[in-house]
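Structure file coords.pdb (PDB, C-alpha atoms and all ligand atoms) is printed below.
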```
ATOM      1  CA  MET A   1     115.118 214.201 168.940
ATOM      2  CA  GLN A   2     111.338 214.181 169.018
ATOM      3  CA  ILE A   3     110.358 211.635 166.389
ATOM      4  CA  GLY A   4     106.881 210.704 165.154
ATOM      5  CA  PHE A   5     106.725 207.083 163.935
ATOM      6  CA  ILE A   6     103.458 205.927 162.356
ATOM      7  CA  GLY A   7     103.063 202.286 161.215
ATOM      8  CA  LEU A   8     104.328 199.948 163.923
ATOM      9  CA  GLY A   9     103.894 196.639 162.085
ATOM     10  CA  VAL A  10     106.333 193.851 161.199
ATOM     11  CA  MET A  11     108.929 196.387 160.010
ATOM     12  CA  GLY A  12     108.039 199.582 161.861
ATOM     13  CA  ALA A  13     107.998 198.139 165.392
ATOM     14  CA  PRO A  14     111.663 197.037 165.459
ATOM     15  CA  MET A  15     112.776 200.143 163.510
ATOM     16  CA  ALA A  16     111.104 202.481 166.034
ATOM     17  CA  GLY A  17     112.604 200.336 168.794
ATOM     18  CA  HIS A  18     116.138 201.124 167.576
ATOM     19  CA  LEU A  19     115.378 204.865 167.576
ATOM     20  CA  ALA A  20     113.944 204.683 171.109
ATOM     21  CA  ALA A  21     116.918 202.628 172.317
ATOM     22  CA  ALA A  22     119.252 205.388 171.064
ATOM     23  CA  GLY A  23     117.482 207.865 173.346
ATOM     24  CA  HIS A  24     115.042 209.532 170.946
ATOM     25  CA  SER A  25     111.480 210.317 172.113
ATOM     26  CA  ILE A  26     108.934 208.446 170.000
ATOM     27  CA  PHE A  27     105.355 209.652 169.380
ATOM     28  CA  THR A  28     102.854 207.508 167.524
ATOM     29  CA  THR A  29      99.207 206.886 166.741
ATOM     30  CA  LEU A  30      97.574 203.486 166.250
ATOM     31  CA  ASN A  31      94.742 202.355 163.986
ATOM     32  CA  ARG A  32      94.098 198.773 165.057
ATOM     33  CA  SER A  33      97.006 196.951 166.681
ATOM     34  CA  PRO A  34      98.104 197.755 170.256
ATOM     35  CA  LEU A  35     101.484 199.353 171.003
ATOM     36  CA  PRO A  36     104.161 196.686 170.372
ATOM     37  CA  GLU A  37     105.355 195.150 173.628
ATOM     38  CA  GLY A  38     108.437 196.822 175.082
ATOM     39  CA  LEU A  39     108.372 199.868 172.802
ATOM     40  CA  ALA A  40     108.814 203.143 174.702
ATOM     41  CA  ALA A  41     106.480 205.461 172.771
ATOM     42  CA  GLU A  42     103.788 207.985 173.631
ATOM     43  CA  VAL A  43     100.478 207.171 171.912
ATOM     44  CA  LEU A  44      98.514 210.214 170.651
ATOM     45  CA  PRO A  45      94.960 210.384 169.259
ATOM     46  CA  ASN A  46      95.841 211.008 165.595
ATOM     47  CA  ALA A  47      98.594 211.735 163.069
ATOM     48  CA  ALA A  48      98.153 215.521 163.428
ATOM     49  CA  ALA A  49      98.856 215.266 167.169
ATOM     50  CA  VAL A  50     102.000 213.259 166.356
ATOM     51  CA  ALA A  51     103.161 215.883 163.834
ATOM     52  CA  ALA A  52     102.558 218.706 166.336
ATOM     53  CA  ARG A  53     105.105 217.095 168.719
ATOM     54  CA  SER A  54     107.742 215.954 166.181
ATOM     55  CA  GLU A  55     110.797 217.353 164.405
ATOM     56  CA  VAL A  56     110.874 214.288 162.164
ATOM     57  CA  VAL A  57     107.851 212.153 161.194
ATOM     58  CA  ILE A  58     108.592 208.644 159.879
ATOM     59  CA  LEU A  59     105.915 206.598 158.078
ATOM     60  CA  MET A  60     106.112 202.789 157.681
ATOM     61  CA  LEU A  61     102.638 201.981 156.328
ATOM     62  CA  PRO A  62     101.410 199.197 154.036
ATOM     63  CA  ASP A  63     100.492 200.969 150.779
ATOM     64  CA  THR A  64      99.955 204.259 148.905
ATOM     65  CA  PRO A  65      96.366 204.899 150.147
ATOM     66  CA  ASP A  66      97.537 204.451 153.761
ATOM     67  CA  VAL A  67     100.262 207.073 153.312
ATOM     68  CA  GLU A  68      97.751 209.391 151.636
ATOM     69  CA  ARG A  69      95.302 209.014 154.560
ATOM     70  CA  VAL A  70      97.909 209.517 157.293
ATOM     71  CA  LEU A  71      99.616 212.424 155.535
ATOM     72  CA  LEU A  72      96.811 214.319 153.795
ATOM     73  CA  GLY A  73      93.572 213.009 155.347
ATOM     74  CA  ALA A  74      91.518 214.659 158.109
ATOM     75  CA  GLY A  75      93.676 214.826 161.237
ATOM     76  CA  GLY A  76      96.702 214.033 159.062
ATOM     77  CA  VAL A  77     100.387 214.912 159.442
ATOM     78  CA  VAL A  78     100.365 217.816 156.979
ATOM     79  CA  SER A  79      97.568 219.648 158.848
ATOM     80  CA  ALA A  80      99.776 220.123 161.931
ATOM     81  CA  LEU A  81     103.335 219.962 160.590
ATOM     82  CA  ARG A  82     105.881 222.030 162.535
ATOM     83  CA  PRO A  83     107.790 224.578 160.418
ATOM     84  CA  GLY A  84     110.910 222.925 158.996
ATOM     85  CA  ALA A  85     109.833 219.419 160.033
ATOM     86  CA  LEU A  86     111.077 216.477 157.977
ATOM     87  CA  VAL A  87     108.689 213.753 156.767
ATOM     88  CA  ILE A  88     110.411 210.459 155.880
ATOM     89  CA  ASP A  89     108.259 207.854 154.137
ATOM     90  CA  MET A  90     109.930 204.445 154.516
ATOM     91  CA  SER A  91     106.931 202.465 153.185
ATOM     92  CA  THR A  92     107.087 200.957 149.681
ATOM     93  CA  ILE A  93     104.567 202.999 147.690
ATOM     94  CA  SER A  94     103.971 204.592 144.285
ATOM     95  CA  PRO A  95     106.860 206.781 143.021
ATOM     96  CA  ILE A  96     104.264 208.810 141.108
ATOM     97  CA  GLU A  97     102.049 209.574 144.135
ATOM     98  CA  THR A  98     105.219 210.252 146.145
ATOM     99  CA  LEU A  99     105.714 213.445 144.112
ATOM    100  CA  ARG A 100     102.279 214.688 145.217
ATOM    101  CA  PHE A 101     102.941 213.791 148.863
ATOM    102  CA  ALA A 102     106.308 215.597 148.776
ATOM    103  CA  GLU A 103     104.703 218.690 147.205
ATOM    104  CA  ALA A 104     101.955 218.817 149.861
ATOM    105  CA  THR A 105     104.550 218.470 152.619
ATOM    106  CA  ARG A 106     106.629 221.319 151.177
ATOM    107  CA  ALA A 107     103.505 223.495 150.809
ATOM    108  CA  ALA A 108     102.922 222.968 154.557
ATOM    109  CA  GLY A 109     106.444 224.233 155.347
ATOM    110  CA  GLY A 110     108.206 220.873 155.733
ATOM    111  CA  SER A 111     110.579 218.731 153.697
ATOM    112  CA  TYR A 112     110.184 215.176 152.430
ATOM    113  CA  LEU A 113     112.347 212.129 151.795
ATOM    114  CA  ASP A 114     111.167 208.836 150.288
ATOM    115  CA  ALA A 115     113.303 206.139 151.898
ATOM    116  CA  PRO A 116     111.961 202.619 151.289
ATOM    117  CA  VAL A 117     113.927 199.646 152.564
ATOM    118  CA  SER A 118     114.855 196.084 151.728
ATOM    119  CA  GLY A 119     116.136 193.386 154.047
ATOM    120  CA  GLY A 120     112.831 192.246 155.532
ATOM    121  CA  GLN A 121     111.929 191.579 159.129
ATOM    122  CA  VAL A 122     115.391 190.201 159.891
ATOM    123  CA  GLY A 123     117.039 193.364 158.550
ATOM    124  CA  ALA A 124     114.632 195.515 160.585
ATOM    125  CA  ARG A 125     115.390 193.561 163.773
ATOM    126  CA  ASN A 126     119.167 193.594 163.225
ATOM    127  CA  ALA A 127     119.253 197.243 162.086
ATOM    128  CA  SER A 128     120.874 196.071 158.851
ATOM    129  CA  LEU A 129     118.291 197.344 156.340
ATOM    130  CA  THR A 130     119.227 198.623 152.902
ATOM    131  CA  ILE A 131     117.751 202.137 152.662
ATOM    132  CA  MET A 132     117.166 203.794 149.257
ATOM    133  CA  VAL A 133     116.571 207.526 149.518
ATOM    134  CA  GLY A 134     115.146 210.192 147.214
ATOM    135  CA  GLY A 135     115.239 213.900 148.122
ATOM    136  CA  HIS A 136     117.517 216.865 148.791
ATOM    137  CA  SER A 137     121.009 216.025 150.046
ATOM    138  CA  GLY A 138     120.601 218.491 152.938
ATOM    139  CA  ASP A 139     117.553 216.564 154.148
ATOM    140  CA  PHE A 140     119.406 213.293 153.591
ATOM    141  CA  ASP A 141     122.305 214.513 155.769
ATOM    142  CA  ARG A 142     119.812 215.499 158.467
ATOM    143  CA  ALA A 143     118.212 212.040 158.391
ATOM    144  CA  LEU A 144     121.454 210.042 158.108
ATOM    145  CA  PRO A 145     122.058 209.601 161.873
ATOM    146  CA  LEU A 146     118.537 208.121 162.147
ATOM    147  CA  PHE A 147     119.007 205.893 159.075
ATOM    148  CA  ARG A 148     122.262 204.586 160.602
ATOM    149  CA  LEU A 149     120.300 203.384 163.640
ATOM    150  CA  MET A 150     118.057 201.272 161.357
ATOM    151  CA  GLY A 151     120.202 200.258 158.391
ATOM    152  CA  LYS A 152     123.641 199.579 156.917
ATOM    153  CA  ASN A 153     123.675 200.122 153.144
ATOM    154  CA  ILE A 154     122.240 203.656 152.905
ATOM    155  CA  THR A 155     122.208 205.395 149.502
ATOM    156  CA  LEU A 156     120.970 208.791 148.341
ATOM    157  CA  VAL A 157     119.738 207.561 144.954
ATOM    158  CA  GLY A 158     118.835 211.019 143.643
ATOM    159  CA  GLU A 159     118.013 214.594 144.613
ATOM    160  CA  ALA A 160     114.472 214.176 143.249
ATOM    161  CA  ASN A 161     111.680 212.703 145.346
ATOM    162  CA  GLY A 162     110.500 209.338 144.005
ATOM    163  CA  THR A 163     113.992 208.092 143.119
ATOM    164  CA  GLY A 164     114.154 206.049 146.341
ATOM    165  CA  GLN A 165     110.810 204.403 145.529
ATOM    166  CA  THR A 166     111.890 203.758 141.929
ATOM    167  CA  CYS A 167     115.096 202.081 143.163
ATOM    168  CA  LYS A 168     113.052 199.880 145.514
ATOM    169  CA  LEU A 169     110.775 198.801 142.636
ATOM    170  CA  ALA A 170     113.885 197.965 140.573
ATOM    171  CA  ASN A 171     114.942 195.753 143.488
ATOM    172  CA  GLN A 172     111.543 194.027 143.488
ATOM    173  CA  ILE A 173     111.735 193.409 139.717
ATOM    174  CA  ILE A 174     115.137 191.720 140.076
ATOM    175  CA  VAL A 175     114.008 189.583 143.016
ATOM    176  CA  ALA A 176     110.761 188.472 141.315
ATOM    177  CA  LEU A 177     112.468 187.537 138.048
ATOM    178  CA  ASN A 178     115.211 185.666 139.899
ATOM    179  CA  ILE A 179     112.623 183.692 141.851
ATOM    180  CA  GLU A 180     110.843 182.897 138.590
ATOM    181  CA  ALA A 181     114.087 181.754 136.905
ATOM    182  CA  VAL A 182     115.054 179.531 139.843
ATOM    183  CA  ALA A 183     111.546 178.041 139.978
ATOM    184  CA  GLU A 184     111.515 177.274 136.216
ATOM    185  CA  ALA A 185     114.952 175.681 136.339
ATOM    186  CA  LEU A 186     114.122 173.477 139.327
ATOM    187  CA  VAL A 187     110.760 172.296 137.921
ATOM    188  CA  PHE A 188     112.438 171.570 134.572
ATOM    189  CA  ALA A 189     115.322 169.610 136.098
ATOM    190  CA  SER A 190     113.066 167.756 138.524
ATOM    191  CA  LYS A 191     110.580 166.599 135.860
ATOM    192  CA  ALA A 192     113.560 165.470 133.758
ATOM    193  CA  GLY A 193     114.429 163.116 136.612
ATOM    194  CA  CYS A 194     117.111 165.073 138.491
ATOM    195  CA  ASP A 195     117.074 165.539 142.251
ATOM    196  CA  PRO A 196     116.398 169.309 142.550
ATOM    197  CA  ALA A 197     118.471 169.475 145.752
ATOM    198  CA  LYS A 198     121.499 168.115 143.852
ATOM    199  CA  VAL A 199     120.856 170.552 140.993
ATOM    200  CA  ARG A 200     120.700 173.463 143.427
ATOM    201  CA  SER A 201     123.937 172.536 145.167
ATOM    202  CA  ALA A 202     125.720 171.935 141.815
ATOM    203  CA  LEU A 203     124.605 175.318 140.471
ATOM    204  CA  MET A 204     125.603 177.137 143.662
ATOM    205  CA  GLY A 205     129.210 176.633 142.551
ATOM    206  CA  GLY A 206     128.816 178.279 139.140
ATOM    207  CA  PHE A 207     127.678 181.357 137.281
ATOM    208  CA  ALA A 208     123.992 180.737 138.114
ATOM    209  CA  ALA A 209     124.663 181.059 141.844
ATOM    210  CA  SER A 210     122.613 183.686 143.659
ATOM    211  CA  ARG A 211     121.117 184.473 147.069
ATOM    212  CA  ILE A 212     117.734 183.605 145.541
ATOM    213  CA  LEU A 213     118.922 180.165 144.352
ATOM    214  CA  GLU A 214     120.403 179.611 147.790
ATOM    215  CA  VAL A 215     117.554 180.793 150.024
ATOM    216  CA  HIS A 216     114.403 180.629 147.891
ATOM    217  CA  GLY A 217     115.591 177.567 145.986
ATOM    218  CA  GLU A 218     115.902 175.749 149.298
ATOM    219  CA  ARG A 219     112.385 176.801 150.319
ATOM    220  CA  MET A 220     111.005 175.533 146.976
ATOM    221  CA  ILE A 221     112.720 172.152 147.313
ATOM    222  CA  ALA A 222     111.608 171.740 150.941
ATOM    223  CA  GLN A 223     108.174 173.147 149.986
ATOM    224  CA  THR A 224     108.153 175.386 153.073
ATOM    225  CA  PHE A 225     106.521 178.696 152.340
ATOM    226  CA  GLU A 226     106.183 180.497 155.674
ATOM    227  CA  PRO A 227     106.921 184.197 155.035
ATOM    228  CA  GLY A 228     109.437 185.748 154.590
ATOM    229  CA  PHE A 229     108.038 188.210 152.189
ATOM    230  CA  ARG A 230     104.419 187.594 151.280
ATOM    231  CA  ILE A 231     103.093 187.025 147.737
ATOM    232  CA  ARG A 232     100.504 189.763 148.523
ATOM    233  CA  LEU A 233     103.201 192.391 149.151
ATOM    234  CA  HIS A 234     105.193 191.396 146.093
ATOM    235  CA  GLN A 235     102.014 191.645 143.955
ATOM    236  CA  LYS A 236     101.584 195.199 145.294
ATOM    237  CA  ASP A 237     105.181 196.127 144.420
ATOM    238  CA  LEU A 238     105.047 194.630 140.898
ATOM    239  CA  ALA A 239     101.738 196.450 140.294
ATOM    240  CA  LEU A 240     103.519 199.701 141.259
ATOM    241  CA  ALA A 241     106.412 198.871 138.909
ATOM    242  CA  LEU A 242     104.062 198.078 136.011
ATOM    243  CA  ALA A 243     102.039 201.283 136.569
ATOM    244  CA  SER A 244     105.228 203.384 136.666
ATOM    245  CA  ALA A 245     106.539 201.660 133.547
ATOM    246  CA  ARG A 246     103.307 202.372 131.723
ATOM    247  CA  SER A 247     103.420 206.064 132.583
ATOM    248  CA  LEU A 248     107.084 206.234 131.486
ATOM    249  CA  GLY A 249     106.586 204.302 128.235
ATOM    250  CA  VAL A 250     108.825 201.447 129.391
ATOM    251  CA  ALA A 251     108.121 197.772 128.575
ATOM    252  CA  LEU A 252     108.576 195.269 131.424
ATOM    253  CA  PRO A 253     107.485 192.026 129.708
ATOM    254  CA  ASN A 254     108.941 189.591 132.212
ATOM    255  CA  THR A 255     107.797 191.608 135.231
ATOM    256  CA  ALA A 256     104.274 191.310 133.809
ATOM    257  CA  THR A 257     104.678 187.525 133.510
ATOM    258  CA  ALA A 258     106.008 187.228 137.062
ATOM    259  CA  GLN A 259     103.017 189.254 138.265
ATOM    260  CA  GLU A 260     100.603 186.888 136.451
ATOM    261  CA  LEU A 261     102.264 183.884 138.087
ATOM    262  CA  MET A 262     101.875 185.577 141.480
ATOM    263  CA  ASN A 263      98.216 186.236 140.627
ATOM    264  CA  GLY A 264      97.890 182.512 139.867
ATOM    265  CA  CYS A 265      99.360 181.686 143.283
ATOM    266  CA  ALA A 266      96.975 184.105 144.987
ATOM    267  CA  ALA A 267      94.072 182.384 143.193
ATOM    268  CA  GLN A 268      95.184 179.159 144.856
ATOM    269  CA  GLY A 269      95.042 180.742 148.314
ATOM    270  CA  LEU A 270      98.766 181.493 148.557
ATOM    271  CA  GLU A 271      98.498 185.280 149.020
ATOM    272  CA  GLU A 272      99.964 185.112 152.514
ATOM    273  CA  ALA A 273     102.655 182.537 151.590
ATOM    274  CA  ASP A 274     106.308 183.432 151.004
ATOM    275  CA  HIS A 275     107.047 184.651 147.456
ATOM    276  CA  SER A 276     109.128 181.523 146.797
ATOM    277  CA  ALA A 277     105.692 179.806 146.529
ATOM    278  CA  LEU A 278     105.644 181.247 142.987
ATOM    279  CA  VAL A 279     107.006 177.796 142.075
ATOM    280  CA  ARG A 280     103.489 176.448 142.763
ATOM    281  CA  ALA A 281     102.103 178.227 139.688
ATOM    282  CA  LEU A 282     104.784 176.595 137.499
ATOM    283  CA  GLU A 283     104.241 173.207 139.149
ATOM    284  CA  VAL A 284     100.537 173.365 138.264
ATOM    285  CA  MET A 285     101.304 174.362 134.651
ATOM    286  CA  SER A 286     103.818 171.506 134.294
ATOM    287  CA  ASN A 287     101.761 168.991 136.293
ATOM    288  CA  HIS A 288     104.806 168.215 138.397
ATOM    289  CA  ARG A 289     105.621 168.789 142.051
ATOM    290  CA  LEU A 290     109.183 169.270 143.299
ATOM    291  CA  SER A 291     109.753 166.420 145.709
ATOM    292  CA  GLY A 292     109.980 167.404 149.371
ATOM    293  CA  ALA A 293     113.630 166.738 150.230
TER
HETATM  294  P1  LIG B 301     102.484 195.647 158.366
HETATM  295  O1  LIG B 301     101.131 195.472 157.774
HETATM  296  O2  LIG B 301     103.038 194.616 159.273
HETATM  297  O3  LIG B 301     102.559 197.052 159.174
HETATM  298  C1  LIG B 301     101.884 198.218 158.805
HETATM  299  C2  LIG B 301     101.419 198.909 160.092
HETATM  300  O4  LIG B 301     100.803 200.156 159.761
HETATM  301  C3  LIG B 301     100.374 198.099 160.873
HETATM  302  O5  LIG B 301     100.782 197.990 162.232
HETATM  303  C4  LIG B 301      99.114 198.955 160.773
HETATM  304  O6  LIG B 301      98.305 198.855 161.918
HETATM  305  C5  LIG B 301      99.722 200.337 160.635
HETATM  306  N1  LIG B 301      98.794 201.316 160.066
HETATM  307  C6  LIG B 301      98.099 201.234 158.894
HETATM  308  N2  LIG B 301      97.317 202.323 158.745
HETATM  309  C7  LIG B 301      97.516 203.106 159.850
HETATM  310  C8  LIG B 301      96.982 204.340 160.272
HETATM  311  N3  LIG B 301      96.062 204.970 159.545
HETATM  312  N4  LIG B 301      97.402 204.852 161.440
HETATM  313  C9  LIG B 301      98.326 204.210 162.199
HETATM  314  N5  LIG B 301      98.885 203.013 161.846
HETATM  315  C10 LIG B 301      98.467 202.480 160.679
HETATM  316  O7  LIG B 301     103.469 195.906 157.132
HETATM  317  P2  LIG B 301     105.074 195.762 157.095
HETATM  318  O8  LIG B 301     105.439 194.373 156.699
HETATM  319  O9  LIG B 301     105.643 196.354 158.335
HETATM  320  O10 LIG B 301     105.409 196.674 155.820
HETATM  321  C11 LIG B 301     105.388 198.089 155.862
HETATM  322  C12 LIG B 301     105.931 198.606 154.529
HETATM  323  O11 LIG B 301     107.285 198.150 154.367
HETATM  324  C13 LIG B 301     105.169 198.120 153.301
HETATM  325  O12 LIG B 301     105.082 199.159 152.361
HETATM  326  C14 LIG B 301     106.021 196.964 152.778
HETATM  327  O13 LIG B 301     105.872 196.754 151.378
HETATM  328  C15 LIG B 301     107.408 197.446 153.133
HETATM  329  N6  LIG B 301     108.413 196.368 153.309
HETATM  330  C16 LIG B 301     108.093 195.227 153.996
HETATM  331  C17 LIG B 301     109.047 194.219 154.125
HETATM  332  C18 LIG B 301     108.731 192.929 154.862
HETATM  333  O14 LIG B 301     109.530 191.972 154.759
HETATM  334  N7  LIG B 301     107.626 192.836 155.602
HETATM  335  C19 LIG B 301     110.323 194.381 153.576
HETATM  336  C20 LIG B 301     110.640 195.565 152.932
HETATM  337  C21 LIG B 301     109.666 196.564 152.790
END
```
Do you think you could lay out the structure here as structure tokens?
Ligand code: NAD
Amino acid sequence: MQIGFIGLGVMGAPMAGHLAAAGHSIFTTLNRSPLPEGLAAEVLPNAAAVAARSEVVILMLPDTPDVERVLLGAGGVVSALRPGALVIDMSTISPIETLRFAEATRAAGGSYLDAPVSGGQVGARNASLTIMVGGHSGDFDRALPLFRLMGKNITLVGEANGTGQTCKLANQIIVALNIEAVAEALVFASKAGCDPAKVRSALMGGFAASRILEVHGERMIAQTFEPGFRIRLHQKDLALALASARSLGVALPNTATAQELMNGCAAQGLEEADHSALVRALEVMSNHRLSGA
């Protein structure tokens, strides 16, 4: 297939690599970074030129305004979309704006899937991403062979655009609140005189066990916060969740608290640290550091 892939960063570069390795032709355009080493792709001057060559255009961009620019801006994808082309947005962006992007794509004669992912850089490299998709089942079936080259747990969440993005934000709510719970518990136990490493390993055998206690709990105890998933990106995702909740009339009290703690971390220069560094905000409030173990 002729595939446009725009956004060759931490996630996009290995994902496009899997598509190229399976024999697909990849077309792209770059804004600042050079073509990732080893990626077989043809670089074109802008997103419109990519769309003009592609049956499927995949976007893996940082945030909503980036998708808007690449899709709808001057020299954007929509201005040169081939009839019947499929746009797949795999970035994590606003479910609300997604509806507008899908509408504009349809008006230009194409179809649209929102298909954000979880699993991080490791999942992108190992082609084991979780992919959460919103859009028509016919479009989903068309995209499935491509999704299978990049991911493992692939779900059509709903026939409406935006449902994939909503599912991804639900994921980010659960992860943030779990990190917050693990951080509170470890600071509490540590200031009470327990060895947090012992507490973690004791709790891993019981009902409080989780991937977050295992992986992020370990990072908190060792105080190693190399990303991973950056505080800055999680702030973006929680802001999207809170904005969606507001427009729906849904209360997300603990998501709001987790976001404030992340804001506190960012204020201390931890924007680029792993999201397990959320424990720092609680350590400051409790005037207690988890011992490095
Ligand atoms: P990144 O910043 O590493 O990559 C984004 C890429 O898009 C960059 O290479 C940038 O140059 C490119 N880009 C931006 N504007 C462009 C334009 N106008 N034209 C061409 N290229 C352009 O980000 P990432 O970590 O790869 O994340 C991408 C998306 O995936 C985000 O929405 C993020 O929230 C989501 N995500 C990331 C992770 C993770 O662990 N990093 C996990 C799951 C989901």
query: Could you work out how far atom CA of A:Ala40 lies from atom CA of A:Gly9, giving the answer in Å with one decimal?
result: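 Computing it gives 15.0 Å between the two atoms.
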Near-ligand residues for ligand LIG 301 (chain B), threshold 7 Å, all atoms listed in the file, as a ChimeraX atom specification: /A:6-12,29-33,60-63,66,69-70,90-93,116-121,228-229,233
A straight line from atom CA of A:Leu71 to atom CA of A:Ala104 spans 8.9 Å
Surrounding residues of A:Arg100 excluding itself and chain neighbours under 6 positions, 12 Å, all atoms listed in the file, as number ranges by chain: A: 64, 67-68, 71-72, 94, 106-107, 112, 114, 161-162
For the structure provided, state which residues fall under the PyMOL selection byres (((chain A and resi 135-142) around 6) and not hetatm), and present them as a VMD selection string.
chain A and resid 113 134 143 to 144 159 to 161
The residue from A:Ala41, A:Lys152, A:Ile131, A:Val122 with the smallest atom-to-atom distance to A:Pro227, counting all atoms listed in the file, is A:Val122
Could you spell out the hits of the PyMOL selection byres (((chain A and resi 234-240) around 8) and not hetatm) on the shown file, as a compact mmCIF listing (two decimals) with C-alpha atoms, in the coordinates of the input?
```
# COMPACT_ATOMS: atom_id res chain seq x y z
CA THR A 92 107.09 200.96 149.68
CA ILE A 93 104.57 203.00 147.69
CA SER A 94 103.97 204.59 144.28
CA LEU A 169 110.78 198.80 142.64
CA GLN A 172 111.54 194.03 143.49
CA ILE A 173 111.74 193.41 139.72
CA ALA A 176 110.76 188.47 141.32
CA PHE A 229 108.04 188.21 152.19
CA ARG A 230 104.42 187.59 151.28
CA ILE A 231 103.09 187.02 147.74
CA ARG A 232 100.50 189.76 148.52
CA LEU A 233 103.20 192.39 149.15
CA ALA A 241 106.41 198.87 138.91
CA LEU A 242 104.06 198.08 136.01
CA ALA A 243 102.04 201.28 136.57
CA SER A 244 105.23 203.38 136.67
CA THR A 255 107.80 191.61 135.23
CA ALA A 256 104.27 191.31 133.81
CA GLN A 259 103.02 189.25 138.26
CA MET A 262 101.88 185.58 141.48
CA ASN A 263 98.22 186.24 140.63
CA HIS A 275 107.05 184.65 147.46
```
Using all atoms listed in the file, the shortest atom-to-atom distance to A:Asp195 among A:Leu248, A:Ile221, A:His24, A:Pro45 belongs to A:Ile221
#### Entry: Proximity to A:Met1 - best of A:Pro36, A:Pro14, A:Pro145, A:Gly109, only C-alpha atoms
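That would be A:Pro145, the residue with the smallest distance to A:Met1.
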Might you spell out which residues the PyMOL selection byres (((chain A and resi 73-80) around 12) and not hetatm) would select in the displayed file, as a PyMOL selection string? chain A and resi 4-6+28-29+44-59+65-72+81-89+101-112
Q. Which one is closest to A:Leu282: A:Val187, A:Leu99, A:Ala202, A:Ala266? Count only C-alpha atoms.
A.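 With only C-alpha atoms as the atom set, the closest residue is A:Val187.
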**Prompt:** Could you work out how far atom CA of A:Thr130 lies from atom CA of A:Leu35, giving the answer in Å with one decimal?
**Reply:**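 Separation between atom CA of A:Leu35 and atom CA of A:Thr130: 25.4 Å.
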_What's around A:Arg280 at 12 Å? Count only C-alpha atoms, leave out sequence neighbours fewer than 4 positions away in its own chain, and write the answer as a PyMOL selection string._
chain A and resi 179-180+183-184+186-187+219-221+223-225+231+261-271+273-276+284-290
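Restricting the calculation to all atoms listed in the file, the smallest distance between A:His18 and any of A:Ala209, A:Ala277, A:Leu146, A:Ile96 is found for A:Leu146.
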So for stretch 281-285 of chain A, what box centre and size do we get, axis-aligned, 8 Å extra on each of the six sides, every listed atom, Å to one decimal, as lines of an AutoDock Vina configuration file?
```
center_x = 102.7
center_y = 175.7
center_z = 137.2
size_x = 20.2
size_y = 21.0
size_z = 21.0
```
Check: Which is closest to A:Leu149 among A:Pro34, A:Gly249, A:Gly123, A:Gly164, if we use all atoms listed in the file?
Finding: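 Looking only at the distances to A:Leu149, the closest residue turns out to be A:Gly123.
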